[in-house]
Each structure stands twice: as structure tokens, then as C-alpha cells.
Amino acid sequence: MAAAPQSRPEGSCPFSDRARQFDAFDAPYQTDPAEALRWSREEMPVFYSEKMGCWIVTRYEDIKAVFRDNILFSPKNALEKITPATEEAIEVLKSYDYAMNRTMVNEDEPAHMVRRRALMDHFLPENLEKRQEMIRRLTREKIDAFIDEGRVDLVDAMLYEVPLLVALHFLGVPEDDIATLQTFSLAHSVNTWGKPTPYQQVQVAHDVGRFWEYAGEVIEKMRAQPDGEGWMHYTIRKNAEIPEVVTDSYVHSMMMAIIVAAHETTSLASANMFRLLLTRRDAWEDICADPSLIPNAVEECLRYAGSIIAWRRQTTAPAEVGGVAIPEGAKLLIVQTSGNRNPEHFENADDFDIYRSDAVDHLSFGYGAHQCMGKNIARMEMRIFLEETSRRLPHLWLAEQDFTYMPSTSFRGPEHVWVEWDPAQNPERRDPALRQPRRDFAIGAPSSKDIARRVRVTGVRQEAKGVLGVTLEDLQGRPLPGWTPGAHVELCDGAFERKYSLCGRPGGSYDLAILREDGGKGGSRHFHDVLRDGSELRLRGPSNHFKLDEDRPYTMLVAGGIGITPILAMADRLKALGQDYAIHYAGRSRRTMAFLDRMAADHGDRLTLHIGDEGTRADLAALVAGLPEGGQIYACGPRQMLEALDRLTAGLPEGSYRFEHFQAADTTLDPAKEHAFDLELAYSGLTVHVPADTTVLDALVASGIDVACDCREGLFGSCEVTVLEGEVDHRDQVLTSAERAGQTRMMTCCSRAVGVRLKLAL
């Protein structure tokens with residue numbers, strides 16, 4: 001990143017004094033980067049900082065868009081020094097013949113993808129499984145060494161050295177002097193992302209130079225071991241096989257870069273994780289009681305306080321980000337940790353919640369072609385650290401301390417995490433069996449099916465004929481997470497798992513309504529039959545894929561039958577905001593329509609009823625025709641109603657019609673009626689085969705590709721991906737007819753290929 005500010009492009013950005021003066025090395029950003037950029041997320045999500053000489057990008061979707069297009073937004077400046085080198089420091093580096101070249105992190109296409117394809121086999125989930133035993137052994141040895149001490153710095157005692165040893169083992173690099181490597185790694189980080197003084201630059205330059213020499217010496221030793229194991233041995237063999245792809249300079253540069261990348265970020269992320277969880281005692285105790293929560297707890301720690309807080313890109317042509325024009329050659333700081341706190345994507349984004357169903361959506365590993373190849377190694381290590389420590393030292397607590405961080409624009413984690421405990425209370429003193437692990441974890445992103453909190457029914461009532469009203473509270477008396485209109489939760493009881501919209505007013509408990517469907521799959525009948533005051537259930541969510549746009553001048557809310565549940569919450573919100581809105585509520589008869597009294601009392605002047613047995617059916621065409629300019633329609637109800645509205649709104653501006661089904665179509669695969677096809681993943685360099693009996697989602701996850709999923713029924717759209725080429729056999733209930741015709745989006749949980757190939761932006 002250039003030190004001298006770039007010239008300000010006229011009229012292309014809403015500049016402000018706050019934007020001009022932003023400096024990532026100032027105290028607010030260094031203390032809490034996500035909080036320091038709250039104003040930007042809310043007011044000016046893309047802005048130009050004269051002090052930094054770059055554009056700052058802070059919202060989730062904008063960050064993802066930048067990562068997605070690695071041609072327009074080149075990674076070539078990712079390893080540029082934030083603080084320009086002094087002449088003296090440059091001369092020091094020259095004395096070591098320092099010649100750091102491109103690596104996978106900062107390499108443009110097509111070279112990047114060709115090399116990534118050639119070198120990624122070791123990072124696939126099936127090839128990482130065998131490393132779990134080694135990671136657990138190293139972790140247990142470290143805990144054994146301090147378990148009877150009662151006080152330790154987790155970073156010095158475990159969280160730095162184990163990731164480094166794992167990295168060296170993975171690479172096949174000799175386990176030389178750990179302290180020396182630690183010095184080298186720190187120097188490389190400070191040299192690239194820190195703000196050293198001129199005097200410090202000289203000292204750092206010597207360490208970086210020695211690191212460069214060390215990497216070269218190790219490579220020569222490894223070349224003498226043609227059958228050596230590990231990723232760097234594999235890379236060296238590829239250098240001999242395809243030297244035009246894996247060049248000599250690339251091997252040397254990658255050796256130095258990956259020693260840092262493979263362990264520094266994991267060490268910092270693990271330190272963040274323990275500080276977070278031990279500060280939030282409820283979460284720590286839940287993990288101690290139920291280790292199945294650990295994989296998702298790790299994802300939530302990465303979302304809330306990941307170690308990679310920002311990355312860099314440079315435009316190769318004039319571009320637009322978040323509606324802001326950015327010139328060619330502009331340098332961008334894309335702040336992932338800010339995007340991870342964006343409420344437009346994450347419900348209750350500022351809350352730390354290990355039960356969050358979409359935590360895996362975080363941007364801490366990046367996204368697209370340059371997504372971190374080592375993400376699943378990091379997950380594996382963090383899960384094992386957490387499982388071993390919480391099992392053997394559940395009574396651990398944070399010691400009084402001042403947390404310190406190395407100044408950096410891009411990496412963050414405490415230098416020390418001091419913890420204390422009473423060794424006399426160590427559980428394994430009473431039960432030696434507790435030394436053995438209770439659970440191993442599958443490689444890759446966690447499944448939402450493994451995430452659920454315990455709740456208790458505290459109210460049951462009849463809202464209408466066949467409609468059961470239910471109030472839920474946390475089993476331990478904690479407030480349930482907040483939610484926004486359109487949100488839903490999933491009730492789980494044994495084999496029955498069903499999703500229901502939240503329809504009360506946000507507070508510490510949840511209200512929902514369940515329509516009994518005797519012709520359905522049995523879930524609603526089950527809940528009607530078994531739910532009583534005091535019943536205990538598991539609950540997932542809340543999630544919201546039906547968010548209300550609160551900025552439109554007019555909103556028409558259309559509900560059919562039990563579809564009133566999300567519409568009721570939306571009406572409450574619009575009224576509270578003083579917005580202009582109308583409600584059209586249709587049903588077969590008054591006795592089957594829930595919340596009639598409540599709707600009349602709270603929204604009577606905005607409410608129109610359309611009741612079948614009273615002859616007042618809704619004229620959907622007239623409703624659409626009467627929509628004011630700039631207005632929007634939100635609808636939930638039977639499929640026939642939603643499909644009719646879809647046809648009638650086809651000529652309206654994009655985004656004028658939003659809908660949600662309350663009943664899933666049958667998305668079960670019948671292999672006899674399906675065909676296999678291939679997925680070309682444009683950003684990962686993979687070709688993934690999808691058999692006739694496998695969903696696109698499952699095939700992607702098995703290949704180590706992170707794809708969020710909420711329902712697996714084509715109802716909510718969390719598993720959507722972008723389609724670059726090919727024709728999609730759409731089977732979801734999310735996209736409008738116009739969106740389907742565009743053939744640029746698909747829901748991976750249910751939709752398939754018409755032909756034998758699809759190219760996806762993954």
C-alpha cells in the first residue's frame with residue numbers, strides 16, 4: 001500500500017472529515033476494528049482515507065463482491081509493506097539477496113489458479129484427516145506440562161508452539177529452533193503489516209533477511225530428500241515436474257510465506273477464541289457440558305474476533321463498490337472483521353452467540369479464488385485446543401491482565417492470555433477417564449444440524465382453529481437472542497424438525513404459531529400433540545432470509561392463512577417506524593385465521609380482510625395495479641397465491657416483490673429420475689462430480705467448499721450460489737420467475753443442472 005495518498009477522484013466518493021482522517025494505526029481501530037468502523041457500516045460503507053492512501057470497504061456484501069472478482073480487484077498488493085521501507089532497511093535486505101516474489105496470496109490470474117490447482121491436494125478434507133491424531137497428541141502434551149500449575153499463559157504454553165509444529169509437520173520442514181522461527185515470523189508480520197519506526201525497520205530487516213536465508217537453506221536440504229513427505233516436498237517435486245508453473249523463485253517465496261501463514265493466524269485466532277469464551281462464561285460452560293457445540297463455537301469466534309481483520313486489493317480498471325466509483329489503480333483495504341459485524345447479513349451481529357446458525361458465513365478466511373487453503377487445518381487445531389482444554393480444565397478462568405496486541409492493519413490477537421484454575425479441582429484427579437477425548441470432529445465447516453439451544457415451553461394456546469400458539473423461553477433462563485421481522489426458528493424434537501416464523505414482539509422469549517396439517521409430513525401434528533407447558537425442546541436460529549426493507553415509501557403486506565406470522569411482525573415494525581403500509585389478510589374463514597383480534601386492535605385502520613366464506617376474496621391483480629410508485633409487496637402464504645403475485649409483479653422494478661413460502665415442496669432426490677453432472681468451480685480450480693443421488697450442496701461440502709445452508713428444502717435461500725455458465729433446473733421456492741429465467745443463481749440444496757455441466761462462482 002502506497003504511503004503517499006492517492007489523488008482524490010472528483011465526485012466519486014462521499015468524503016467527510018472522519019473518512020479523510022481515518023488511520024488504521026490509531027487507537028480505536030487497534031483496540032476494536034469492528035467497532036471503530038461502525039460509523040462507516042452505517043453511514044459511508046466505502047470511503048477514501050487520505051491518511052492511509054486507500055479506499056476502505058466495510059460492509060459484508062461489498063467485501064464479498066471485491067473478493068469474488070480477483071481480476072478487477074487484483075491481489076497483487078496484498079503483501080506490500082504498509083509502512084514504506086527506509087533506504088537503510090532496503091540496503092539491509094539487499095545484503096541478504098532478499099528477493100521475495102509472488103505467492104498464492106498476491107498472485108494474479110491465470111498464474112494463481114494454475115498453481116493453486118497443482119498444489120492443493122494436501123489441503124483437501126480427506127487428506128487432512130490423518131493429522132488430527134498428531135494435533136491432539138501435541139495439545140495433550142502441552143496441557144500435561146502445565147495442568148498442575150494453576151496459572152499459565154496459554155499463548156506461550158500452547159497456542160503459539162503447537163500451530164507452528166503442526167505447520168512444520170504439514171510442510172515437511174525440520175523442527176529447528178522454535179524461538180528463532182518465532183522471531184522470524186514476527187519480523188515478517190511487522191515488516192509487511194505493521195508500523196515499525198525507522199530504527200525498528202533496520203532490526204526487522206535483518207530478521208527478515210535471515211528468514212529468507214533460512215528458507216533457502218531448508219529448501220536445499222529438502223531437495224536432497226526426493227521422497228520426503230509434506231507439502232513443501234510435494235511443491236519441490238512439482239517444481240521439477242512443471243517448472244514453468246511452480247518456478248524456483250515461487251518455491252523460495254512460498255516457503256517463507258507459508259511458514260508464517262500456516263501458523264501465525266491460527267495462533268492469534270486461538271488466543272482470541274479463549275479470551276472470548278472465558279469472558280462469556282455462559283458460552284464456556286455450555287461447551288464444557290456439550291462438546292458437540294465446539295465446531296460452531298469456533299466459527300462464531302472467527303466471525304466475532306477472527307485473527308485476519310483486513311486484506312488488500314488494487315483495481316485494474318475503473319470499478320464500482322457499493323455504488324461508489326473507484327478509479328483504476330486504487331488501493332483498497334477490505335475490512336473483513338467489519339463485514340462480520342454487518343447486521344444486514346447477520347442477525348444480532350454485535351452479539352456473540354455460539355448457537356448462531358450462519359456463523360460459518362464469516363469472511364475471516366476470505367472468499368472466492370483466494371480463500372485460505374489452510375482453513376480446515378486452522379479449524380481442526382482450534383477445535384482440538386478447545387475440546388482438550390474445556391474437558392480437562394472446565395474450571396479455568398481469565399486472570400487479571402492488560403491484553404496487548406502487535407500494531408497491525410490486518411492481523412489481531414492478544415500477545416498473552418493468562419489463565420488460572422485450582423489444580424485440586426481438576427476433574428481427572430477424580431476420574432482419570434476424563435483424560436480421553438469425548439469427541440472427534442469431521443473435517444470442514446460444521447453442519448447447522450449440530451447446532452441447537454435448549455428451550456422450554458411456557459405457554460400454549462389456541463390462536464385459531466387448528467393453529468397452536470406457543471411461547472418459548474431459554475431453558476436456563478437467559479434472554480433468547482433478538483430478531484428482526486421475517487425471522488424464523490427451527491423446532492427440534494426427536495426426529496421432528498420444523499421451521500416457524502416468529503410472530504410476537506422481540507423480547508426475551510419467542511412466540512410462534514403452528515398450523516396443524518394432517519396431510520403433511522407429521523411435524524405439525526407431532527408438535528400439536530406433545531407440546532405442553534414445561535415441554536423441553538431444541539431450537540435453532542433465529543435466521544432471517546425474509547428481511548424487511550424499511551426504507552421504501554410504501555409497503556403492502558399480503559398474508560394467506562398461516563402466512564400471517566411473519567407479516568404480523570413486519571406490520572408491528574412498520575407501525576413503530578411510522579411508515580406507510582397496508583395489510584391484506586386472506587383466509588377461508590374467520591375461525592381459521594390466527595391473530596384476527598390482535599391485527600384489528602393494532603392495525604385496524606391498515607387492515608383489509610379477504611375471507612372466502614364471506615365472499616370477500618382478494619383481487620390480487622387490483623392490489624398489484626394499485627401499488628404506489630416506489631412501493632414494495634411482501635407476501636407469505638399458499639403457493640398458488642405467491643405464484644400469482646409473481647406473475648402479476650413481473651413488470652415492476654427489481655426488488656418490488658418479496659415472498660416466503662410456509663410449506664416446502666418435496667425436494668427428495670429419486671436417483672432413478674436424476675442424472676449426474678459436473679460442477680466447474682471458477683474460483684477454486686476444482687471440478688466436482690455430482691452423482692444422481694447427491695445434492696449439489698453435499699457434493700460441494702464433501703470437496704471442502706464452504707456453503708451455508710439453513711433448510712435443505714429450497715425455502716430460504718441461504719445456500720444460494722452464483723451461476724456463471726450452464727442451465728439450472730430450478731427446484732427452489734426462493735427465486736422469482738424473472739430470477740430463474742436469468743440463469744445466474746441457484747439454490748444448491750435442491751436445484752440441479754439441466755445438462756452435464758454448470759460453472760459456479762466458487
# chains A, B, ... in the order shown; residues from 1 in each chain; ligands from 1
call {"tool": "residues_around", "arguments": {"residues": "Ile377 in chain A", "least_positions_apart": "5", "cutoff": "12 Å", "atoms": "only C-alpha atoms", "output": "short mmCIF file (atom, residue, chain, number, x, y, z; two decimals) with C-alpha atoms, in the first residue's frame"}}
result
data_model
loop_
_atom_site.label_atom_id
_atom_site.label_comp_id
_atom_site.auth_asym_id
_atom_site.auth_seq_id
_atom_site.Cartn_x
_atom_site.Cartn_y
_atom_site.Cartn_z
CA HIS A 122 -2.77 -31.79 0.51
CA PHE A 123 -5.45 -29.34 1.69
CA LEU A 124 -8.46 -31.45 0.70
CA PRO A 125 -10.53 -32.75 3.67
CA GLU A 126 -9.75 -36.43 3.02
CA ASN A 127 -6.01 -35.69 3.17
CA LEU A 128 -6.23 -33.73 6.42
CA GLU A 129 -8.00 -36.38 8.48
CA LYS A 130 -4.79 -38.20 9.41
CA ARG A 131 -3.38 -35.06 11.08
CA GLN A 132 -5.97 -34.94 13.86
CA MET A 134 -0.87 -35.55 15.83
CA ILE A 135 -2.57 -32.27 16.74
CA PRO A 163 0.36 -24.41 15.43
CA LEU A 164 3.99 -23.86 14.47
CA VAL A 166 1.74 -28.57 13.04
CA ALA A 167 2.70 -26.19 10.23
CA HIS A 169 4.96 -31.12 10.05
CA PHE A 170 2.43 -30.34 7.32
CA ALA A 261 0.61 -18.14 7.07
CA ALA A 262 0.27 -21.72 8.28
CA HIS A 263 0.63 -20.94 11.95
CA THR A 265 -3.08 -16.69 12.00
CA THR A 266 -4.14 -19.90 13.78
CA SER A 267 -2.19 -18.95 16.88
CA PHE A 365 -10.93 -16.96 5.68
CA CYS A 372 -7.50 -19.56 2.62
CA MET A 382 -8.86 -24.65 17.21
CA ARG A 383 -11.45 -27.37 17.83
CA ILE A 384 -8.91 -29.68 19.44
CA ALA A 442 -15.45 -34.06 10.94
CA ILE A 443 -13.12 -32.04 8.73
CA GLY A 444 -14.62 -28.87 7.26
CA ALA A 445 -17.33 -26.40 8.14
CA GLY A 704 -14.14 -28.76 1.20
#
call {"tool": "select_by_dssp", "arguments": {"residues": "range 49-184 of chain A", "states": "strand (DSSP E or B)", "output": "PyMOL selection string"}}
result
chain A and resi 49+54-57+73-74+151-153
call {"tool": "write_last_selection", "arguments": {"atoms": "C-alpha atoms", "output": "compact mmCIF listing (two decimals), in the first residue's frame"}}
result
# COMPACT_ATOMS: atom_id res chain seq x y z
CA SER A 49 -8.77 7.68 3.69
CA CYS A 54 -6.51 3.93 0.14
CA TRP A 55 -10.22 3.16 -0.03
CA ILE A 56 -11.79 1.40 2.96
CA VAL A 57 -14.56 -1.18 2.38
CA PHE A 73 -9.64 -6.33 -7.84
CA SER A 74 -6.12 -7.69 -8.08
CA ARG A 151 -1.62 -20.43 36.26
CA VAL A 152 -0.24 -20.21 32.72
CA ASP A 153 -0.06 -18.02 29.64
call {"tool": "closest_residue", "arguments": {"among": "A:Ala99, A:Val688, A:Ile259, A:Leu72", "to": "Val701 in chain A", "atoms": "only C-alpha atoms"}}
result
A:Val688
call {"tool": "residues_around", "arguments": {"residues": "Gly469 in chain A", "least_positions_apart": "6", "cutoff": "7 Å", "atoms": "only C-alpha atoms", "output": "compact mmCIF listing (two decimals) with C-alpha atoms, in the first residue's frame"}}
result
# COMPACT_ATOMS: atom_id res chain seq x y z
CA VAL A 460 -49.67 -22.94 24.85
CA ARG A 461 -52.93 -21.54 23.46
CA GLN A 462 -55.33 -21.84 20.52
CA GLU A 463 -54.85 -18.89 18.17
CA LEU A 512 -44.80 -18.63 17.20
CA ALA A 513 -47.88 -20.30 15.71
CA ILE A 514 -48.13 -23.85 14.34
call {"tool": "residues_around", "arguments": {"residues": "Pro481 in chain A", "least_positions_apart": "6", "cutoff": "10 Å", "atoms": "only C-alpha atoms", "output": "list in words"}}
result
Glu347, Asn348, Asp351, Phe352, Asp353, Tyr355, Arg356, Asp474, Pro506, Gly507, Gly508, Ser509, Tyr510, Gly541 and Pro542 of chain A
call {"tool": "closest_residue", "arguments": {"among": "A:Ala699, A:Val173, A:Ala600, A:Ile583", "to": "Glu220 in chain A", "atoms": "only C-alpha atoms"}}
result
A:Val173
call {"tool": "closest_residue", "arguments": {"among": "A:Gly150, A:Pro75, A:Gly366, A:Gly459", "to": "Val105 in chain A", "atoms": "only C-alpha atoms"}}
result
A:Pro75
call {"tool": "atom_distance", "arguments": {"atom1": "CA of Pro243 in chain A", "atom2": "CA of Thr687 in chain A"}}
result
23.7 Å
call {"tool": "atom_distance", "arguments": {"atom1": "CA of Gln401 in chain A", "atom2": "CA of Arg275 in chain A"}}
result
11.2 Å
